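The structure file query13.csv is reproduced below (CSV, C-alpha atoms).
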chain,number,residue,atom,x,y,z
A,151,MET,CA,-93.4,-66.4,84.1
A,152,THR,CA,-91.9,-64.2,86.7
A,153,GLY,CA,-93.2,-61.5,89.0
A,154,LEU,CA,-94.9,-60.5,92.2
A,155,THR,CA,-98.3,-61.7,93.4
A,156,ALA,CA,-100.5,-60.9,96.4
A,157,ASP,CA,-102.2,-64.3,96.0
A,158,PRO,CA,-101.1,-67.6,97.4
A,159,LEU,CA,-98.4,-69.1,95.2
A,160,ASP,CA,-99.5,-71.8,92.7
A,161,LEU,CA,-96.5,-74.1,92.2
A,162,ALA,CA,-98.5,-76.3,89.8
A,163,ALA,CA,-98.9,-73.3,87.5
A,164,LEU,CA,-95.1,-72.6,87.6
A,165,ILE,CA,-94.4,-76.3,86.9
A,166,ALA,CA,-96.8,-76.2,84.0
A,167,ALA,CA,-95.1,-73.0,82.7
A,168,VAL,CA,-91.7,-74.7,82.5
A,169,SER,CA,-92.7,-78.2,81.3
A,170,ASP,CA,-91.2,-79.1,78.0
A,171,PRO,CA,-91.0,-82.6,76.5
A,172,GLU,CA,-87.4,-81.8,75.5
A,173,ASN,CA,-86.5,-81.2,79.1
A,174,GLY,CA,-86.1,-84.3,81.2
A,175,GLY,CA,-85.1,-82.6,84.5
A,176,LEU,CA,-87.7,-80.4,86.3
A,177,THR,CA,-87.2,-79.2,89.8
A,178,SER,CA,-88.7,-76.6,92.1
A,179,PHE,CA,-88.0,-74.7,95.2
A,180,LEU,CA,-90.4,-73.1,97.8
A,181,GLY,CA,-89.1,-70.7,100.4
A,182,CYS,CA,-91.5,-70.8,103.4
A,183,ILE,CA,-91.9,-68.6,106.5
A,184,ARG,CA,-89.9,-70.1,109.3
A,185,ARG,CA,-91.3,-70.0,112.9
A,186,GLU,CA,-88.0,-69.7,114.6
A,187,ASP,CA,-89.4,-70.9,117.9
A,188,ALA,CA,-86.0,-71.1,119.5
A,189,ILE,CA,-85.1,-67.5,118.7
A,190,ARG,CA,-88.3,-65.4,118.6
A,191,PRO,CA,-91.5,-67.1,117.3
A,192,VAL,CA,-92.7,-65.6,114.1
A,193,ILE,CA,-96.4,-65.7,113.1
A,194,ALA,CA,-96.2,-64.0,109.7
A,195,ILE,CA,-94.0,-61.9,107.4
A,196,GLU,CA,-95.3,-59.0,105.4
A,197,TYR,CA,-93.5,-58.3,102.2
A,198,GLU,CA,-93.2,-54.9,100.5
A,199,ALA,CA,-91.6,-54.6,97.1
A,200,TYR,CA,-90.3,-51.9,94.8
A,201,GLU,CA,-92.5,-53.4,92.2
A,202,GLU,CA,-91.1,-51.9,89.0
A,203,LEU,CA,-87.5,-52.9,89.7
A,204,THR,CA,-88.4,-56.2,91.3
A,205,GLU,CA,-90.2,-57.2,88.1
A,206,THR,CA,-87.1,-56.2,86.1
A,207,GLU,CA,-84.7,-58.1,88.3
A,208,LEU,CA,-86.8,-61.3,88.4
A,209,ALA,CA,-87.0,-61.3,84.6
A,210,ALA,CA,-83.3,-60.6,84.3
A,211,VAL,CA,-82.4,-63.5,86.7
A,212,ALA,CA,-84.6,-65.8,84.8
A,213,ALA,CA,-83.1,-64.8,81.5
A,214,GLU,CA,-79.6,-65.3,82.9
A,215,ALA,CA,-80.5,-68.8,84.1
A,216,THR,CA,-81.9,-69.6,80.7
A,217,SER,CA,-78.7,-68.4,79.0
A,218,ARG,CA,-76.3,-70.2,81.4
A,219,PHE,CA,-78.1,-73.5,81.9
A,220,GLY,CA,-80.5,-73.8,79.0
A,221,ALA,CA,-83.3,-73.8,81.5
A,222,HIS,CA,-86.9,-72.8,81.3
A,223,VAL,CA,-87.6,-70.7,84.4
A,224,ALA,CA,-90.7,-69.6,86.3
A,225,CYS,CA,-90.4,-67.6,89.5
A,226,MET,CA,-93.0,-65.8,91.6
A,227,HIS,CA,-92.6,-63.9,94.9
A,228,ARG,CA,-95.4,-62.9,97.3
A,229,SER,CA,-96.3,-59.4,98.3
A,230,GLY,CA,-98.3,-58.6,101.4
A,231,ARG,CA,-98.7,-60.8,104.5
A,232,VAL,CA,-97.7,-64.5,104.4
A,233,GLU,CA,-98.4,-66.7,107.4
A,234,VAL,CA,-95.9,-69.0,109.1
A,235,GLY,CA,-95.4,-72.2,107.1
A,236,GLU,CA,-96.7,-70.7,103.9
A,237,PRO,CA,-94.4,-70.2,100.9
A,238,SER,CA,-93.3,-66.6,100.1
A,239,VAL,CA,-91.3,-67.5,97.0
A,240,ALA,CA,-91.6,-70.3,94.4
A,241,VAL,CA,-89.1,-71.3,91.6
A,242,ALA,CA,-89.6,-74.0,89.0
A,243,VAL,CA,-87.1,-74.8,86.3
A,244,SER,CA,-86.7,-77.4,83.7
A,245,ALA,CA,-83.6,-78.3,81.7
A,246,PRO,CA,-82.6,-81.2,79.5
A,247,HIS,CA,-80.9,-83.0,82.4
A,248,ARG,CA,-81.0,-82.9,86.2
A,249,SER,CA,-77.7,-81.2,86.9
A,250,ALA,CA,-78.6,-78.1,84.9
A,251,ALA,CA,-82.0,-78.1,86.4
A,252,PHE,CA,-80.7,-78.1,90.0
A,253,ALA,CA,-78.0,-75.5,89.1
A,254,ALA,CA,-80.5,-73.2,87.5
A,255,CYS,CA,-82.9,-73.4,90.4
A,256,ARG,CA,-80.2,-72.6,92.8
A,257,TYR,CA,-79.0,-69.7,90.7
A,258,VAL,CA,-82.4,-68.2,90.5
A,259,ILE,CA,-83.2,-68.3,94.2
A,260,ASP,CA,-79.7,-67.2,95.3
A,261,GLU,CA,-79.7,-64.2,92.9
A,262,LEU,CA,-83.3,-63.2,93.7
A,263,LYS,CA,-82.4,-63.0,97.4
A,264,VAL,CA,-79.8,-60.4,96.9
A,265,ARG,CA,-81.1,-58.5,93.8
A,266,ALA,CA,-84.9,-58.2,94.2
A,267,PRO,CA,-85.8,-55.0,96.1
A,268,ILE,CA,-88.2,-56.7,98.5
A,269,TRP,CA,-88.3,-56.1,102.2
A,270,LYS,CA,-89.9,-58.1,105.0
A,271,ARG,CA,-91.5,-57.0,108.1
A,272,MET,CA,-91.5,-59.6,110.8
A,273,HIS,CA,-94.6,-60.2,112.8
A,274,TYR,CA,-93.7,-61.9,116.1
A,275,ALA,CA,-95.9,-64.0,118.3
A,276,ASP,CA,-95.3,-61.5,121.1
A,277,GLY,CA,-97.1,-58.8,119.1
A,278,ALA,CA,-94.0,-56.9,118.0
A,279,THR,CA,-93.2,-56.1,114.4
A,280,GLU,CA,-89.8,-55.2,112.8
A,281,TRP,CA,-88.7,-54.2,109.4
A,282,ILE,CA,-85.6,-56.1,108.1
A,283,ASP,CA,-84.1,-53.3,106.0
A,284,GLY,CA,-80.9,-52.3,107.7
A,285,ARG,CA,-82.4,-49.4,109.7
A,286,ASP,CA,-83.8,-51.3,112.7
A,287,ARG,CA,-81.9,-51.8,115.9
A,288,VAL,CA,-78.8,-53.7,115.5
A,289,ALA,CA,-79.5,-55.9,118.5
A,290,ASP,CA,-82.6,-57.3,116.8
A,291,ARG,CA,-81.0,-57.9,113.4
A,292,ARG,CA,-80.1,-61.3,112.2
A,293,PRO,CA,-79.0,-62.7,108.8
A,294,ALA,CA,-81.8,-63.2,106.4
B,4,MET,CA,-78.3,-20.1,87.6
B,5,ALA,CA,-80.7,-22.8,86.4
B,6,SER,CA,-84.0,-23.0,88.0
B,7,PRO,CA,-84.7,-25.8,90.5
B,8,ILE,CA,-85.9,-29.1,89.3
B,9,SER,CA,-88.7,-31.3,90.6
B,10,VAL,CA,-87.9,-35.0,91.4
B,11,THR,CA,-90.0,-37.7,92.8
B,12,VAL,CA,-88.6,-39.9,95.7
B,13,ARG,CA,-89.9,-43.4,96.3
B,14,LEU,CA,-89.6,-44.8,99.8
B,15,PHE,CA,-90.1,-48.3,101.1
B,16,ALA,CA,-90.3,-50.3,104.3
B,17,SER,CA,-89.2,-48.4,107.5
B,18,LEU,CA,-88.2,-45.3,105.4
B,19,ARG,CA,-91.8,-45.1,104.0
B,20,GLU,CA,-93.2,-45.5,107.5
B,21,ALA,CA,-90.9,-42.8,108.9
B,22,ALA,CA,-91.9,-40.4,106.1
B,23,GLY,CA,-95.6,-41.3,106.3
B,24,ALA,CA,-95.6,-41.5,102.5
B,25,SER,CA,-94.4,-43.9,99.8
B,26,ARG,CA,-93.5,-41.1,97.5
B,27,MET,CA,-92.7,-37.4,97.8
B,28,THR,CA,-91.8,-34.6,95.5
B,29,LEU,CA,-88.7,-32.6,96.2
B,30,SER,CA,-87.4,-29.4,94.6
B,31,VAL,CA,-83.6,-29.4,94.3
B,32,PRO,CA,-81.0,-27.6,92.3
B,33,HIS,CA,-80.4,-28.7,88.7
B,34,ALA,CA,-78.0,-31.6,88.4
B,35,THR,CA,-78.1,-32.5,92.1
B,36,PRO,CA,-76.4,-35.9,92.4
B,37,VAL,CA,-78.7,-38.8,93.4
B,38,GLY,CA,-76.6,-39.4,96.5
B,39,ALA,CA,-77.2,-35.8,97.7
B,40,LEU,CA,-81.0,-36.2,97.7
B,41,TRP,CA,-81.0,-37.7,101.2
B,42,SER,CA,-80.2,-34.4,102.8
B,43,HIS,CA,-83.3,-32.9,101.1
B,44,LEU,CA,-85.6,-35.3,102.8
B,45,PRO,CA,-87.8,-34.0,105.7
B,46,GLU,CA,-85.7,-33.5,108.8
B,47,GLY,CA,-87.2,-36.4,110.7
B,48,ILE,CA,-85.8,-38.9,108.2
B,49,SER,CA,-82.6,-37.3,107.0
B,50,ALA,CA,-81.1,-36.8,110.4
B,51,GLY,CA,-77.7,-38.3,110.3
B,52,GLU,CA,-76.0,-40.1,107.5
B,53,PRO,CA,-77.9,-42.2,105.0
B,54,PRO,CA,-78.2,-45.8,106.1
B,55,ALA,CA,-75.2,-48.0,105.4
B,56,ALA,CA,-75.4,-49.9,102.2
B,57,LEU,CA,-78.2,-47.7,100.8
B,58,ARG,CA,-78.5,-48.1,97.0
B,59,TYR,CA,-80.3,-46.0,94.5
B,60,ALA,CA,-82.5,-46.5,91.4
B,61,LEU,CA,-83.1,-43.8,88.9
B,62,ASN,CA,-86.3,-44.2,86.8
B,63,HIS,CA,-86.5,-47.9,87.8
B,64,GLU,CA,-82.9,-48.8,87.0
B,65,TRP,CA,-79.9,-49.1,89.4
B,66,THR,CA,-77.7,-46.1,89.5
B,67,LEU,CA,-74.7,-44.7,91.3
B,68,PRO,CA,-74.8,-41.8,93.9
B,69,GLY,CA,-73.0,-39.5,91.5
B,70,ALA,CA,-75.6,-39.6,88.8
B,71,PRO,CA,-76.9,-36.0,88.1
B,72,LEU,CA,-80.7,-35.5,88.3
B,73,ARG,CA,-82.9,-33.9,85.7
B,74,ASP,CA,-86.4,-32.5,86.0
B,75,GLY,CA,-89.0,-35.2,86.3
B,76,ASP,CA,-86.7,-37.9,87.4
B,77,GLU,CA,-87.8,-40.6,89.9
B,78,VAL,CA,-85.3,-41.8,92.5
B,79,ALA,CA,-85.9,-44.8,94.8
B,80,PHE,CA,-84.0,-45.2,98.0
B,81,VAL,CA,-83.2,-49.0,98.2
B,82,LEU,CA,-82.4,-50.1,101.7
B,83,PRO,CA,-80.6,-53.5,102.2
B,84,VAL,CA,-83.1,-56.0,100.8
B,85,SER,CA,-84.6,-59.0,102.7
B,86,GLY,CA,-86.9,-60.8,100.3
B,87,GLY,CA,-87.2,-64.5,99.8
Render the structure in this file as structure tokens.
Amino acid sequence: MTGLTADPLDLAALIAAVSDPENGGLTSFLGCIRREDAIRPVIAIEYEAYEELTETELAAVAAEATSRFGAHVACMHRSGRVEVGEPSVAVAVSAPHRSAAFAACRYVIDELKVRAPIWKRMHYADGATEWIDGRDRVADRRPA
Amino acid sequence: MASPISVTVRLFASLREAAGASRMTLSVPHATPVGALWSHLPEGISAGEPPAALRYALNHEWTLPGAPLRDGDEVAFVLPVSGG
């Protein structure tokens, strides 16, 4: 189970998708919208994806994690607007033992961040919005 | 000389907003390289060099700027990504 969804993420469904009596280690990761009060308070992030290639990349990352770590992988990313505090990405993996499960989960979220063609538009509490795609003003850009 | 070809360009995020469209059709010379498509965009977008670290997808797969285009191809301009 990998892909994009405009609906709230359902971690229980991801966990169910990777559950396997042969796999004693199961872990998950949720990436949630940070408020960043000390920098510039955020109220929401809007995600826009190049859907076809995102689906391909998410499936490829999951397949690589399965190949490397023997893990079952489920991973879903939100599209559209996600409010502060809410999850925008969810990963669940299971593997025979915990070390492989943790490693696979880390692999999936790290690869997804750099490979999935998804962009975010920040919605700030002060009413401003800003695309984070390398074209905005340098002064407002920060590491993702 | 071969007749021009028609290619579809996909735009996202701030590029899409600048263009006012998520896709557009361009008529370009046969075998135009993917990386040269930028200069065929409407003037308001293509002013200056392509954004740093711009990548390209051809028919939904990653490609390199030198890939030659054929009629009916679809090219996506992939700005630095920021998902997660």
Dump as a tab-separated table (two decimals) with C-alpha atoms, in the coordinates of the input the residues of chain B that approach chain A to within 12 Å, counting all atoms listed in the file.
chain	number	residue	atom	x	y	z
B	13	ARG	CA	-89.90	-43.40	96.30
B	14	LEU	CA	-89.60	-44.80	99.80
B	15	PHE	CA	-90.10	-48.30	101.10
B	16	ALA	CA	-90.30	-50.30	104.30
B	17	SER	CA	-89.20	-48.40	107.50
B	18	LEU	CA	-88.20	-45.30	105.40
B	19	ARG	CA	-91.80	-45.10	104.00
B	20	GLU	CA	-93.20	-45.50	107.50
B	21	ALA	CA	-90.90	-42.80	108.90
B	25	SER	CA	-94.40	-43.90	99.80
B	26	ARG	CA	-93.50	-41.10	97.50
B	48	ILE	CA	-85.80	-38.90	108.20
B	52	GLU	CA	-76.00	-40.10	107.50
B	53	PRO	CA	-77.90	-42.20	105.00
B	54	PRO	CA	-78.20	-45.80	106.10
B	55	ALA	CA	-75.20	-48.00	105.40
B	56	ALA	CA	-75.40	-49.90	102.20
B	57	LEU	CA	-78.20	-47.70	100.80
B	58	ARG	CA	-78.50	-48.10	97.00
B	59	TYR	CA	-80.30	-46.00	94.50
B	60	ALA	CA	-82.50	-46.50	91.40
B	61	LEU	CA	-83.10	-43.80	88.90
B	62	ASN	CA	-86.30	-44.20	86.80
B	63	HIS	CA	-86.50	-47.90	87.80
B	64	GLU	CA	-82.90	-48.80	87.00
B	65	TRP	CA	-79.90	-49.10	89.40
B	66	THR	CA	-77.70	-46.10	89.50
B	77	GLU	CA	-87.80	-40.60	89.90
B	78	VAL	CA	-85.30	-41.80	92.50
B	79	ALA	CA	-85.90	-44.80	94.80
B	80	PHE	CA	-84.00	-45.20	98.00
B	81	VAL	CA	-83.20	-49.00	98.20
B	82	LEU	CA	-82.40	-50.10	101.70
B	83	PRO	CA	-80.60	-53.50	102.20
B	84	VAL	CA	-83.10	-56.00	100.80
B	85	SER	CA	-84.60	-59.00	102.70
B	86	GLY	CA	-86.90	-60.80	100.30
B	87	GLY	CA	-87.20	-64.50	99.80
Kindly provide, as an mmCIF file with C-alpha atoms, keeping the file's coordinate frame, the polymer residues lying within 6 Å of (-86.6, -33.7, 92.2), counting all atoms listed in the file and using the coordinates exactly as they appear in the file.
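Below you can see point_13.cif, which holds the result:
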data_model
loop_
_atom_site.group_PDB
_atom_site.id
_atom_site.type_symbol
_atom_site.label_atom_id
_atom_site.label_comp_id
_atom_site.auth_asym_id
_atom_site.auth_seq_id
_atom_site.Cartn_x
_atom_site.Cartn_y
_atom_site.Cartn_z
ATOM 1 C CA ILE B 8 -85.900 -29.100 89.300
ATOM 2 C CA SER B 9 -88.700 -31.300 90.600
ATOM 3 C CA VAL B 10 -87.900 -35.000 91.400
ATOM 4 C CA THR B 11 -90.000 -37.700 92.800
ATOM 5 C CA LEU B 29 -88.700 -32.600 96.200
ATOM 6 C CA SER B 30 -87.400 -29.400 94.600
ATOM 7 C CA VAL B 31 -83.600 -29.400 94.300
#
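Using only C-alpha atoms, the protein and nucleic acid residues lying no more than 8 Å from A:Thr177, apart from those fewer than 3 places from it along its own chain, are Ala242, Val243, Ser244, Ala251, Phe252 and Cys255 of chain A.
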Problem set entry | Nearby residues (only C-alpha atoms) at most 9 Å from A:Arg190, same-chain spacing under 6 positions excluded, as an MDAnalysis selection string | chainID A and resid 274:276
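Rounded to one decimal, atom CA of A:Arg256 and atom CA of A:Val192 lie 25.7 Å from each other.
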I want to know what sits within 9 Å of A:Tyr257, based on all atoms listed in the file, with residues of the same chain fewer than 6 positions away left out; could you give that as an NGL selection string?
:A and (211 or 214-215)
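If you look at atom CA of B:Gly69 and atom CA of B:Pro36, they are 5.0 Å away from each other.
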What's the 12 Å shell around A:His222, counting only C-alpha atoms, without same-chain residues fewer than 3 positions away, as a ChimeraX atom specification?
/A:151-152,164-178,209,211-219,225,241-247,250-252,254-255,258
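Atom CA of A:Gly230 lies 27.1 Å from atom CA of B:Trp41.
Take the candidates B:Ala50, B:Leu44, B:Ala34, B:Ala24 and check each one against B:Ser6 using all atoms listed in the file; the shortest distance goes to B:Ala34.
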